[in-house]
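*Asks:* This one is data10.cif, mmCIF, N, CA and C atoms.
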data_coords
#
loop_
_atom_site.group_PDB
_atom_site.id
_atom_site.type_symbol
_atom_site.label_atom_id
_atom_site.label_comp_id
_atom_site.auth_asym_id
_atom_site.auth_seq_id
_atom_site.Cartn_x
_atom_site.Cartn_y
_atom_site.Cartn_z
ATOM 1 N N MET Y 207 12.379 -62.633 -47.183
ATOM 2 C CA MET Y 207 13.098 -63.215 -46.068
ATOM 3 C C MET Y 207 12.345 -64.435 -45.563
ATOM 4 N N GLY Y 208 13.080 -65.317 -44.954
ATOM 5 C CA GLY Y 208 12.512 -66.542 -44.420
ATOM 6 C C GLY Y 208 13.633 -67.516 -44.116
ATOM 7 N N HIS Y 209 13.243 -68.671 -43.658
ATOM 8 C CA HIS Y 209 14.196 -69.718 -43.295
ATOM 9 C C HIS Y 209 14.138 -70.818 -44.341
ATOM 10 N N ASP Y 210 15.224 -70.999 -45.060
ATOM 11 C CA ASP Y 210 15.380 -72.094 -46.008
ATOM 12 C C ASP Y 210 16.468 -72.992 -45.454
ATOM 13 N N ILE Y 211 16.070 -74.154 -44.992
ATOM 14 C CA ILE Y 211 17.004 -75.072 -44.347
ATOM 15 C C ILE Y 211 17.150 -76.286 -45.249
ATOM 16 N N LEU Y 212 18.399 -76.557 -45.654
ATOM 17 C CA LEU Y 212 18.690 -77.607 -46.618
ATOM 18 C C LEU Y 212 19.590 -78.670 -46.023
ATOM 19 N N GLY Y 213 19.244 -79.914 -46.268
ATOM 20 C CA GLY Y 213 20.132 -81.021 -45.963
ATOM 21 C C GLY Y 213 20.734 -81.492 -47.270
ATOM 22 N N VAL Y 214 22.051 -81.728 -47.281
ATOM 23 C CA VAL Y 214 22.718 -82.178 -48.512
ATOM 24 C C VAL Y 214 23.610 -83.381 -48.204
ATOM 25 N N ASN Y 215 23.799 -84.199 -49.233
ATOM 26 C CA ASN Y 215 24.692 -85.338 -49.087
ATOM 27 C C ASN Y 215 26.120 -84.920 -49.428
ATOM 28 N N ARG Y 216 27.033 -85.865 -49.394
ATOM 29 C CA ARG Y 216 28.449 -85.549 -49.670
ATOM 30 C C ARG Y 216 28.676 -84.997 -51.062
ATOM 31 N N ALA Y 217 27.839 -85.415 -52.006
ATOM 32 C CA ALA Y 217 27.966 -84.938 -53.386
ATOM 33 C C ALA Y 217 27.379 -83.540 -53.560
ATOM 34 N N GLY Y 218 26.783 -82.996 -52.497
ATOM 35 C CA GLY Y 218 26.187 -81.669 -52.572
ATOM 36 C C GLY Y 218 24.756 -81.662 -53.072
ATOM 37 N N LYS Y 219 24.163 -82.830 -53.228
ATOM 38 C CA LYS Y 219 22.779 -82.935 -53.703
ATOM 39 C C LYS Y 219 21.812 -82.726 -52.535
ATOM 40 N N GLU Y 220 20.785 -81.921 -52.776
ATOM 41 C CA GLU Y 220 19.764 -81.669 -51.748
ATOM 42 C C GLU Y 220 18.989 -82.950 -51.470
ATOM 43 N N ILE Y 221 18.927 -83.312 -50.181
ATOM 44 C CA ILE Y 221 18.195 -84.514 -49.783
ATOM 45 C C ILE Y 221 17.064 -84.181 -48.819
ATOM 46 N N ALA Y 222 17.056 -82.948 -48.310
ATOM 47 C CA ALA Y 222 16.009 -82.526 -47.384
ATOM 48 C C ALA Y 222 15.851 -81.012 -47.480
ATOM 49 N N TYR Y 223 14.620 -80.539 -47.331
ATOM 50 C CA TYR Y 223 14.359 -79.106 -47.428
ATOM 51 C C TYR Y 223 13.199 -78.745 -46.517
ATOM 52 N N ALA Y 224 13.366 -77.666 -45.762
ATOM 53 C CA ALA Y 224 12.285 -77.115 -44.949
ATOM 54 C C ALA Y 224 12.269 -75.611 -45.152
ATOM 55 N N ARG Y 225 11.073 -75.052 -45.335
ATOM 56 C CA ARG Y 225 10.904 -73.611 -45.593
ATOM 57 C C ARG Y 225 9.911 -73.049 -44.609
ATOM 58 N N PHE Y 226 10.308 -71.941 -43.975
ATOM 59 C CA PHE Y 226 9.444 -71.224 -43.046
ATOM 60 C C PHE Y 226 9.499 -69.741 -43.386
ATOM 61 N N SER Y 227 8.359 -69.066 -43.375
ATOM 62 C CA SER Y 227 8.352 -67.616 -43.584
ATOM 63 C C SER Y 227 9.024 -66.945 -42.396
ATOM 64 N N MET Y 228 9.425 -65.688 -42.573
ATOM 65 C CA MET Y 228 10.190 -65.007 -41.522
ATOM 66 C C MET Y 228 9.409 -64.866 -40.219
ATOM 67 N N GLY Y 229 8.092 -64.845 -40.278
ATOM 68 C CA GLY Y 229 7.293 -64.690 -39.070
ATOM 69 C C GLY Y 229 6.805 -66.002 -38.480
ATOM 70 N N ASN Y 230 7.204 -67.106 -39.055
ATOM 71 C CA ASN Y 230 6.713 -68.411 -38.619
ATOM 72 C C ASN Y 230 7.564 -68.917 -37.456
ATOM 73 N N TYR Y 231 6.975 -68.928 -36.274
ATOM 74 C CA TYR Y 231 7.696 -69.351 -35.071
ATOM 75 C C TYR Y 231 8.084 -70.832 -35.108
ATOM 76 N N ASN Y 232 7.452 -71.619 -35.975
ATOM 77 C CA ASN Y 232 7.789 -73.043 -36.048
ATOM 78 C C ASN Y 232 9.203 -73.286 -36.568
ATOM 79 N N ALA Y 233 9.810 -72.288 -37.195
ATOM 80 C CA ALA Y 233 11.204 -72.434 -37.622
ATOM 81 C C ALA Y 233 12.088 -72.731 -36.412
ATOM 82 N N THR Y 234 11.786 -72.098 -35.301
ATOM 83 C CA THR Y 234 12.609 -72.308 -34.105
ATOM 84 C C THR Y 234 12.525 -73.741 -33.599
ATOM 85 N N VAL Y 235 11.437 -74.431 -33.906
ATOM 86 C CA VAL Y 235 11.306 -75.827 -33.493
ATOM 87 C C VAL Y 235 12.414 -76.658 -34.132
ATOM 88 N N LEU Y 236 12.611 -76.479 -35.432
ATOM 89 C CA LEU Y 236 13.646 -77.253 -36.117
ATOM 90 C C LEU Y 236 15.041 -76.876 -35.628
ATOM 91 N N TYR Y 237 15.295 -75.591 -35.445
ATOM 92 C CA TYR Y 237 16.600 -75.165 -34.907
ATOM 93 C C TYR Y 237 16.854 -75.810 -33.549
ATOM 94 N N ARG Y 238 15.854 -75.799 -32.695
ATOM 95 C CA ARG Y 238 16.034 -76.350 -31.342
ATOM 96 C C ARG Y 238 16.214 -77.862 -31.365
ATOM 97 N N LEU Y 239 15.422 -78.544 -32.214
ATOM 98 C CA LEU Y 239 15.570 -79.996 -32.298
ATOM 99 C C LEU Y 239 16.982 -80.385 -32.735
ATOM 100 N N LEU Y 240 17.564 -79.588 -33.604
ATOM 101 C CA LEU Y 240 18.916 -79.849 -34.092
ATOM 102 C C LEU Y 240 19.996 -79.244 -33.197
ATOM 103 N N ASP Y 241 19.590 -78.582 -32.121
ATOM 104 C CA ASP Y 241 20.530 -77.889 -31.242
ATOM 105 C C ASP Y 241 21.398 -76.940 -32.073
ATOM 106 N N ALA Y 242 20.711 -76.167 -32.939
ATOM 107 C CA ALA Y 242 21.393 -75.290 -33.890
ATOM 108 C C ALA Y 242 20.969 -73.834 -33.717
ATOM 109 N N ASP Y 243 20.679 -73.430 -32.498
ATOM 110 C CA ASP Y 243 20.235 -72.050 -32.242
ATOM 111 C C ASP Y 243 21.251 -71.016 -32.714
ATOM 112 N N ASP Y 244 22.525 -71.381 -32.766
ATOM 113 C CA ASP Y 244 23.552 -70.438 -33.230
ATOM 114 C C ASP Y 244 23.357 -70.037 -34.691
ATOM 115 N N PHE Y 245 22.605 -70.847 -35.435
ATOM 116 C CA PHE Y 245 22.373 -70.564 -36.849
ATOM 117 C C PHE Y 245 21.073 -69.793 -37.081
ATOM 118 N N TYR Y 246 20.327 -69.536 -36.017
ATOM 119 C CA TYR Y 246 19.072 -68.783 -36.109
ATOM 120 C C TYR Y 246 19.400 -67.290 -36.082
ATOM 121 N N ALA Y 247 18.966 -66.565 -37.117
ATOM 122 C CA ALA Y 247 19.285 -65.137 -37.216
ATOM 123 C C ALA Y 247 18.021 -64.275 -37.263
ATOM 124 N N GLY Y 248 16.978 -64.698 -36.595
ATOM 125 C CA GLY Y 248 15.748 -63.912 -36.540
ATOM 126 C C GLY Y 248 14.837 -64.188 -37.716
ATOM 127 N N VAL Y 249 14.930 -63.349 -38.754
ATOM 128 C CA VAL Y 249 14.027 -63.487 -39.900
ATOM 129 C C VAL Y 249 14.510 -64.514 -40.915
ATOM 130 N N SER Y 250 15.697 -65.068 -40.702
ATOM 131 C CA SER Y 250 16.238 -66.102 -41.580
ATOM 132 C C SER Y 250 17.330 -66.859 -40.838
ATOM 133 N N GLY Y 251 17.912 -67.813 -41.538
ATOM 134 C CA GLY Y 251 19.066 -68.491 -40.977
ATOM 135 C C GLY Y 251 20.302 -67.615 -41.152
ATOM 136 N N SER Y 252 21.365 -67.978 -40.495
ATOM 137 C CA SER Y 252 22.597 -67.181 -40.524
ATOM 138 C C SER Y 252 23.365 -67.319 -41.837
ATOM 139 N N GLY Y 253 23.040 -68.324 -42.622
ATOM 140 C CA GLY Y 253 23.800 -68.600 -43.841
ATOM 141 C C GLY Y 253 24.886 -69.631 -43.620
ATOM 142 N N GLY Y 254 25.039 -70.077 -42.397
ATOM 143 C CA GLY Y 254 26.064 -71.053 -42.073
ATOM 144 C C GLY Y 254 25.596 -72.482 -42.277
ATOM 145 N N SER Y 255 26.510 -73.407 -42.089
ATOM 146 C CA SER Y 255 26.194 -74.824 -42.216
ATOM 147 C C SER Y 255 27.015 -75.614 -41.211
ATOM 148 N N THR Y 256 26.579 -76.836 -40.974
ATOM 149 C CA THR Y 256 27.298 -77.726 -40.077
ATOM 150 C C THR Y 256 26.962 -79.165 -40.423
ATOM 151 N N LEU Y 257 27.797 -80.078 -39.953
ATOM 152 C CA LEU Y 257 27.571 -81.500 -40.143
ATOM 153 C C LEU Y 257 26.872 -82.077 -38.920
ATOM 154 N N PHE Y 258 25.953 -83.002 -39.166
ATOM 155 C CA PHE Y 258 25.257 -83.705 -38.091
ATOM 156 C C PHE Y 258 25.520 -85.200 -38.230
ATOM 157 N N SER Y 259 25.807 -85.828 -37.109
ATOM 158 C CA SER Y 259 26.044 -87.271 -37.079
ATOM 159 C C SER Y 259 24.707 -88.019 -37.030
ATOM 160 N N VAL Y 260 24.780 -89.315 -37.219
ATOM 161 C CA VAL Y 260 23.591 -90.162 -37.082
ATOM 162 C C VAL Y 260 22.987 -89.972 -35.696
ATOM 163 N N GLN Y 261 23.817 -89.979 -34.671
ATOM 164 C CA GLN Y 261 23.333 -89.858 -33.298
ATOM 165 C C GLN Y 261 22.623 -88.521 -33.064
ATOM 166 N N GLN Y 262 23.144 -87.450 -33.626
ATOM 167 C CA GLN Y 262 22.522 -86.139 -33.447
ATOM 168 C C GLN Y 262 21.148 -86.098 -34.117
ATOM 169 N N ILE Y 263 21.034 -86.660 -35.301
ATOM 170 C CA ILE Y 263 19.746 -86.670 -35.992
ATOM 171 C C ILE Y 263 18.776 -87.606 -35.269
ATOM 172 N N GLU Y 264 19.254 -88.747 -34.802
ATOM 173 C CA GLU Y 264 18.390 -89.644 -34.033
ATOM 174 C C GLU Y 264 17.886 -88.964 -32.773
ATOM 175 N N HIS Y 265 18.731 -88.193 -32.118
ATOM 176 C CA HIS Y 265 18.319 -87.461 -30.920
ATOM 177 C C HIS Y 265 17.239 -86.436 -31.272
ATOM 178 N N ALA Y 266 17.394 -85.746 -32.393
ATOM 179 C CA ALA Y 266 16.402 -84.769 -32.832
ATOM 180 C C ALA Y 266 15.061 -85.448 -33.110
ATOM 181 N N ILE Y 267 15.096 -86.609 -33.745
ATOM 182 C CA ILE Y 267 13.859 -87.346 -34.034
ATOM 183 C C ILE Y 267 13.210 -87.823 -32.746
ATOM 184 N N HIS Y 268 14.014 -88.301 -31.820
ATOM 185 C CA HIS Y 268 13.478 -88.729 -30.519
ATOM 186 C C HIS Y 268 12.812 -87.551 -29.802
ATOM 187 N N SER Y 269 13.465 -86.402 -29.800
ATOM 188 C CA SER Y 269 12.892 -85.210 -29.160
ATOM 189 C C SER Y 269 11.602 -84.804 -29.849
ATOM 190 N N TYR Y 270 11.579 -84.857 -31.178
ATOM 191 C CA TYR Y 270 10.368 -84.545 -31.939
ATOM 192 C C TYR Y 270 9.229 -85.466 -31.494
ATOM 193 N N SER Y 271 9.511 -86.757 -31.409
ATOM 194 C CA SER Y 271 8.487 -87.729 -31.012
ATOM 195 C C SER Y 271 7.963 -87.438 -29.616
ATOM 196 N N GLN Y 272 8.857 -87.114 -28.704
ATOM 197 C CA GLN Y 272 8.453 -86.813 -27.336
ATOM 198 C C GLN Y 272 7.564 -85.572 -27.272
ATOM 199 N N LEU Y 273 7.885 -84.580 -28.072
ATOM 200 C CA LEU Y 273 7.141 -83.318 -28.039
ATOM 201 C C LEU Y 273 5.816 -83.366 -28.787
ATOM 202 N N PHE Y 274 5.789 -84.027 -29.937
ATOM 203 C CA PHE Y 274 4.646 -83.888 -30.822
ATOM 204 C C PHE Y 274 3.839 -85.152 -31.064
ATOM 205 N N GLU Y 275 4.362 -86.307 -30.749
ATOM 206 C CA GLU Y 275 3.620 -87.530 -31.016
ATOM 207 C C GLU Y 275 3.146 -88.225 -29.759
ATOM 208 N N LYS Y 276 3.480 -87.699 -28.623
ATOM 209 C CA LYS Y 276 3.170 -88.336 -27.357
ATOM 210 C C LYS Y 276 1.666 -88.494 -27.127
ATOM 211 N N ASN Y 277 0.917 -87.420 -27.346
ATOM 212 C CA ASN Y 277 -0.500 -87.435 -27.019
ATOM 213 C C ASN Y 277 -1.403 -87.200 -28.223
ATOM 214 N N GLU Y 278 -0.864 -87.343 -29.416
ATOM 215 C CA GLU Y 278 -1.662 -87.090 -30.605
ATOM 216 C C GLU Y 278 -1.576 -88.265 -31.559
ATOM 217 N N SER Y 279 -2.650 -88.476 -32.286
ATOM 218 C CA SER Y 279 -2.637 -89.546 -33.285
ATOM 219 C C SER Y 279 -1.933 -89.062 -34.546
ATOM 220 N N ALA Y 280 -1.489 -89.988 -35.354
ATOM 221 C CA ALA Y 280 -0.795 -89.632 -36.600
ATOM 222 C C ALA Y 280 -1.702 -88.829 -37.518
ATOM 223 N N SER Y 281 -2.978 -89.129 -37.536
ATOM 224 C CA SER Y 281 -3.888 -88.401 -38.427
ATOM 225 C C SER Y 281 -3.990 -86.934 -38.028
ATOM 226 N N GLU Y 282 -3.926 -86.629 -36.757
ATOM 227 C CA GLU Y 282 -3.954 -85.230 -36.321
ATOM 228 C C GLU Y 282 -2.670 -84.509 -36.731
ATOM 229 N N LEU Y 283 -1.540 -85.186 -36.650
ATOM 230 C CA LEU Y 283 -0.266 -84.567 -37.009
ATOM 231 C C LEU Y 283 -0.173 -84.303 -38.503
ATOM 232 N N ASP Y 284 -0.791 -85.147 -39.306
ATOM 233 C CA ASP Y 284 -0.727 -84.968 -40.754
ATOM 234 C C ASP Y 284 -1.358 -83.652 -41.193
ATOM 235 N N ILE Y 285 -2.211 -83.081 -40.392
ATOM 236 C CA ILE Y 285 -2.878 -81.828 -40.737
ATOM 237 C C ILE Y 285 -1.919 -80.649 -40.621
ATOM 238 N N ASP Y 286 -0.991 -80.711 -39.733
ATOM 239 C CA ASP Y 286 -0.091 -79.586 -39.499
ATOM 240 C C ASP Y 286 1.111 -79.660 -40.445
ATOM 241 N N TRP Y 287 1.105 -78.799 -41.442
ATOM 242 C CA TRP Y 287 2.153 -78.801 -42.478
ATOM 243 C C TRP Y 287 3.543 -78.622 -41.880
ATOM 244 N N ASP Y 288 3.717 -77.671 -40.969
ATOM 245 C CA ASP Y 288 5.045 -77.412 -40.411
ATOM 246 C C ASP Y 288 5.602 -78.628 -39.684
ATOM 247 N N LEU Y 289 4.768 -79.295 -38.880
ATOM 248 C CA LEU Y 289 5.246 -80.479 -38.175
ATOM 249 C C LEU Y 289 5.576 -81.598 -39.151
ATOM 250 N N LYS Y 290 4.782 -81.711 -40.194
ATOM 251 C CA LYS Y 290 5.031 -82.739 -41.200
ATOM 252 C C LYS Y 290 6.354 -82.473 -41.922
ATOM 253 N N GLN Y 291 6.601 -81.221 -42.303
ATOM 254 C CA GLN Y 291 7.851 -80.943 -43.019
ATOM 255 C C GLN Y 291 9.060 -81.093 -42.102
ATOM 256 N N ILE Y 292 8.930 -80.786 -40.832
ATOM 257 C CA ILE Y 292 10.036 -80.979 -39.887
ATOM 258 C C ILE Y 292 10.364 -82.460 -39.770
ATOM 259 N N LYS Y 293 9.340 -83.285 -39.613
ATOM 260 C CA LYS Y 293 9.569 -84.729 -39.479
ATOM 261 C C LYS Y 293 10.195 -85.294 -40.751
ATOM 262 N N GLU Y 294 9.675 -84.922 -41.918
ATOM 263 C CA GLU Y 294 10.239 -85.398 -43.182
ATOM 264 C C GLU Y 294 11.689 -84.958 -43.338
ATOM 265 N N PHE Y 295 11.976 -83.708 -42.958
ATOM 266 C CA PHE Y 295 13.332 -83.192 -43.039
ATOM 267 C C PHE Y 295 14.275 -84.062 -42.203
ATOM 268 N N LEU Y 296 13.889 -84.304 -40.958
ATOM 269 C CA LEU Y 296 14.730 -85.091 -40.057
ATOM 270 C C LEU Y 296 14.904 -86.522 -40.558
ATOM 271 N N LEU Y 297 13.840 -87.138 -41.038
ATOM 272 C CA LEU Y 297 13.938 -88.513 -41.530
ATOM 273 C C LEU Y 297 14.822 -88.609 -42.768
ATOM 274 N N ASN Y 298 14.721 -87.645 -43.667
ATOM 275 C CA ASN Y 298 15.581 -87.633 -44.853
ATOM 276 C C ASN Y 298 17.041 -87.428 -44.469
ATOM 277 N N CYS Y 299 17.268 -86.557 -43.501
ATOM 278 C CA CYS Y 299 18.647 -86.351 -43.020
ATOM 279 C C CYS Y 299 19.186 -87.613 -42.368
ATOM 280 N N LEU Y 300 18.339 -88.320 -41.635
ATOM 281 C CA LEU Y 300 18.773 -89.552 -40.986
ATOM 282 C C LEU Y 300 19.185 -90.604 -42.016
ATOM 283 N N THR Y 301 18.418 -90.739 -43.072
ATOM 284 C CA THR Y 301 18.746 -91.701 -44.123
ATOM 285 C C THR Y 301 20.128 -91.413 -44.699
ATOM 286 N N THR Y 302 20.381 -90.155 -45.009
ATOM 287 C CA THR Y 302 21.684 -89.786 -45.565
ATOM 288 C C THR Y 302 22.796 -89.975 -44.547
ATOM 289 N N ALA Y 303 22.560 -89.572 -43.310
ATOM 290 C CA ALA Y 303 23.585 -89.733 -42.273
ATOM 291 C C ALA Y 303 23.931 -91.203 -42.075
ATOM 292 N N LYS Y 304 22.930 -92.067 -42.119
ATOM 293 C CA LYS Y 304 23.198 -93.503 -41.962
ATOM 294 C C LYS Y 304 24.000 -94.046 -43.147
ATOM 295 N N ASN Y 305 23.710 -93.555 -44.338
ATOM 296 C CA ASN Y 305 24.421 -94.017 -45.534
ATOM 297 C C ASN Y 305 25.832 -93.467 -45.647
ATOM 298 N N GLU Y 306 26.031 -92.227 -45.162
ATOM 299 C CA GLU Y 306 27.301 -91.541 -45.399
ATOM 300 C C GLU Y 306 28.085 -91.205 -44.132
ATOM 301 N N GLY Y 307 27.521 -91.474 -42.979
ATOM 302 C CA GLY Y 307 28.205 -91.178 -41.727
ATOM 303 C C GLY Y 307 27.832 -89.850 -41.104
ATOM 304 N N ASN Y 308 27.352 -88.911 -41.943
ATOM 305 C CA ASN Y 308 26.865 -87.631 -41.453
ATOM 306 C C ASN Y 308 26.065 -86.965 -42.568
ATOM 307 N N VAL Y 309 25.470 -85.830 -42.242
ATOM 308 C CA VAL Y 309 24.706 -85.055 -43.205
ATOM 309 C C VAL Y 309 25.007 -83.582 -42.963
ATOM 310 N N LYS Y 310 25.132 -82.813 -44.027
ATOM 311 C CA LYS Y 310 25.407 -81.384 -43.902
ATOM 312 C C LYS Y 310 24.087 -80.618 -44.009
ATOM 313 N N VAL Y 311 23.915 -79.642 -43.116
ATOM 314 C CA VAL Y 311 22.706 -78.826 -43.127
ATOM 315 C C VAL Y 311 23.094 -77.363 -43.248
ATOM 316 N N PHE Y 312 22.462 -76.686 -44.211
ATOM 317 C CA PHE Y 312 22.634 -75.246 -44.436
ATOM 318 C C PHE Y 312 21.441 -74.516 -43.855
ATOM 319 N N PHE Y 313 21.712 -73.415 -43.176
ATOM 320 C CA PHE Y 313 20.663 -72.601 -42.565
ATOM 321 C C PHE Y 313 20.615 -71.240 -43.252
ATOM 322 N N GLY Y 314 19.717 -71.099 -44.221
ATOM 323 C CA GLY Y 314 19.606 -69.856 -44.965
ATOM 324 C C GLY Y 314 18.346 -69.098 -44.665
#
Could I get this structure in the form of structure tokens?
*Replies:*
Amino acid sequence: MGHDILGVNRAGKEIAYARFSMGNYNATVLYRLLDADDFYAGVSGSGGSTLFSVQQIEHAIHSYSQLFEKNESASELDIDWDLKQIKEFLLNCLTTAKNEGNVKVFFG
């Protein structure tokens, strides 16, 4: 069990991936940044998916920056794997959303 969160483009190709073990509380950070608590099912995602607009992903990135980059240097953040994978996930989703108008995210 665990959280496998996938971002896919319109063609169904994976463009972003984040993995958290079932006991890793950092999974909730990504759910909250995406305002996707309805897809959180405790030890894993609900299995559902939804589309996110450019604005929604930009808002998530802005919230991430406010929470985690405000008082820390980039070198300190690079040490934390979970924060790094969350940021990469969001940035990859943003690229696809900008190119295609939205991005689909699966919460498994």
*Asks:* Within 12 Å of (20.3, -86.0, -47.4) (file coordinates; only C-alpha atoms), which protein or nucleic acid residues are there? I'd like them as number ranges by chain.
*Replies:* Y: 211-223, 257-260, 263, 294-312
*Asks:* Hey, what comes out of the PyMOL selection byres ((chain Y and resi 244-250) around 7) on this file? Could you write it as a count of residues only?
*Replies:* 17
*Asks:* Mind telling me what the PyMOL selection byres ((chain Y and resi 239) around 8) catches here, as a list in words?
*Replies:*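 For this structure, the PyMOL selection byres ((chain Y and resi 239) around 8) captures Ala233, Thr234, Val235, Leu236, Tyr237, Arg238, Leu240, Asp241, Ala242, Asp243, Gln262, Ile263, His265, Ala266, Ile267, Ser269 and Tyr270 of chain Y.
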*Asks:* Could you jot down the atom N of Phe274 (chain Y) to atom C of Ser255 (chain Y) separation for me, Å, one decimal place?
*Replies:*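 Result for atom N of Phe274 (chain Y) versus atom C of Ser255 (chain Y): 25.5 Å, one decimal.
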*Asks:* What is the atom C of Thr256 (chain Y)-CA of Glu275 (chain Y) distance in Å, reported with one decimal?
*Replies:*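 Those two atoms sit 26.5 Å apart.
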*Asks:* Just the number, please: distance in Å from atom N of Glu264 (chain Y) to atom C of Leu289 (chain Y), one decimal.
*Replies:*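 Computed distance, atom N of Glu264 (chain Y) to atom C of Leu289 (chain Y), equals 16.0 Å.
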*Asks:* Quick one: DSSP strand (DSSP E or B) residues in chain Y, as a VMD selection string?
*Replies:* chain Y and resid 208 to 214 220 to 227 246 251 255 to 259 308 to 313
*Asks:* For the residues in the current selection, export N, CA and C atoms as a compact mmCIF listing (two decimals), in the coordinates of the input.
*Replies:*
# COMPACT_ATOMS: atom_id res chain seq x y z
N GLY Y 208 13.08 -65.32 -44.95
CA GLY Y 208 12.51 -66.54 -44.42
C GLY Y 208 13.63 -67.52 -44.12
N HIS Y 209 13.24 -68.67 -43.66
CA HIS Y 209 14.20 -69.72 -43.30
C HIS Y 209 14.14 -70.82 -44.34
N ASP Y 210 15.22 -71.00 -45.06
CA ASP Y 210 15.38 -72.09 -46.01
C ASP Y 210 16.47 -72.99 -45.45
N ILE Y 211 16.07 -74.15 -44.99
CA ILE Y 211 17.00 -75.07 -44.35
C ILE Y 211 17.15 -76.29 -45.25
N LEU Y 212 18.40 -76.56 -45.65
CA LEU Y 212 18.69 -77.61 -46.62
C LEU Y 212 19.59 -78.67 -46.02
N GLY Y 213 19.24 -79.91 -46.27
CA GLY Y 213 20.13 -81.02 -45.96
C GLY Y 213 20.73 -81.49 -47.27
N VAL Y 214 22.05 -81.73 -47.28
CA VAL Y 214 22.72 -82.18 -48.51
C VAL Y 214 23.61 -83.38 -48.20
N GLU Y 220 20.78 -81.92 -52.78
CA GLU Y 220 19.76 -81.67 -51.75
C GLU Y 220 18.99 -82.95 -51.47
N ILE Y 221 18.93 -83.31 -50.18
CA ILE Y 221 18.20 -84.51 -49.78
C ILE Y 221 17.06 -84.18 -48.82
N ALA Y 222 17.06 -82.95 -48.31
CA ALA Y 222 16.01 -82.53 -47.38
C ALA Y 222 15.85 -81.01 -47.48
N TYR Y 223 14.62 -80.54 -47.33
CA TYR Y 223 14.36 -79.11 -47.43
C TYR Y 223 13.20 -78.74 -46.52
N ALA Y 224 13.37 -77.67 -45.76
CA ALA Y 224 12.28 -77.11 -44.95
C ALA Y 224 12.27 -75.61 -45.15
N ARG Y 225 11.07 -75.05 -45.34
CA ARG Y 225 10.90 -73.61 -45.59
C ARG Y 225 9.91 -73.05 -44.61
N PHE Y 226 10.31 -71.94 -43.98
CA PHE Y 226 9.44 -71.22 -43.05
C PHE Y 226 9.50 -69.74 -43.39
N SER Y 227 8.36 -69.07 -43.38
CA SER Y 227 8.35 -67.62 -43.58
C SER Y 227 9.02 -66.94 -42.40
N TYR Y 246 20.33 -69.54 -36.02
CA TYR Y 246 19.07 -68.78 -36.11
C TYR Y 246 19.40 -67.29 -36.08
N GLY Y 251 17.91 -67.81 -41.54
CA GLY Y 251 19.07 -68.49 -40.98
C GLY Y 251 20.30 -67.61 -41.15
N SER Y 255 26.51 -73.41 -42.09
CA SER Y 255 26.19 -74.82 -42.22
C SER Y 255 27.02 -75.61 -41.21
N THR Y 256 26.58 -76.84 -40.97
CA THR Y 256 27.30 -77.73 -40.08
C THR Y 256 26.96 -79.17 -40.42
N LEU Y 257 27.80 -80.08 -39.95
CA LEU Y 257 27.57 -81.50 -40.14
C LEU Y 257 26.87 -82.08 -38.92
N PHE Y 258 25.95 -83.00 -39.17
CA PHE Y 258 25.26 -83.70 -38.09
C PHE Y 258 25.52 -85.20 -38.23
N SER Y 259 25.81 -85.83 -37.11
CA SER Y 259 26.04 -87.27 -37.08
C SER Y 259 24.71 -88.02 -37.03
N ASN Y 308 27.35 -88.91 -41.94
CA ASN Y 308 26.86 -87.63 -41.45
C ASN Y 308 26.06 -86.96 -42.57
N VAL Y 309 25.47 -85.83 -42.24
CA VAL Y 309 24.71 -85.06 -43.20
C VAL Y 309 25.01 -83.58 -42.96
N LYS Y 310 25.13 -82.81 -44.03
CA LYS Y 310 25.41 -81.38 -43.90
C LYS Y 310 24.09 -80.62 -44.01
N VAL Y 311 23.92 -79.64 -43.12
CA VAL Y 311 22.71 -78.83 -43.13
C VAL Y 311 23.09 -77.36 -43.25
N PHE Y 312 22.46 -76.69 -44.21
CA PHE Y 312 22.63 -75.25 -44.44
C PHE Y 312 21.44 -74.52 -43.86
N PHE Y 313 21.71 -73.42 -43.18
CA PHE Y 313 20.66 -72.60 -42.56
C PHE Y 313 20.62 -71.24 -43.25
*Asks:* For the structure I just gave you, how does DSSP split chain Y - specifically, which residues are helix (DSSP H, G or I)? Reply as a PyMOL selection string.
*Replies:* chain Y and resi 233-239+243-245+260-275+280-283+287-306
*Asks:* Can you tell me, as lines of an AutoDock Vina configuration file, the centre and edge lengths (Å, one decimal) of the axis-aligned box enclosing all of region 224-227 of chain Y's listed atoms after padding each side by 5 Å?
*Replies:*
center_x = 10.9
center_y = -72.3
center_z = -44.1
size_x = 15.0
size_y = 20.7
size_z = 13.4
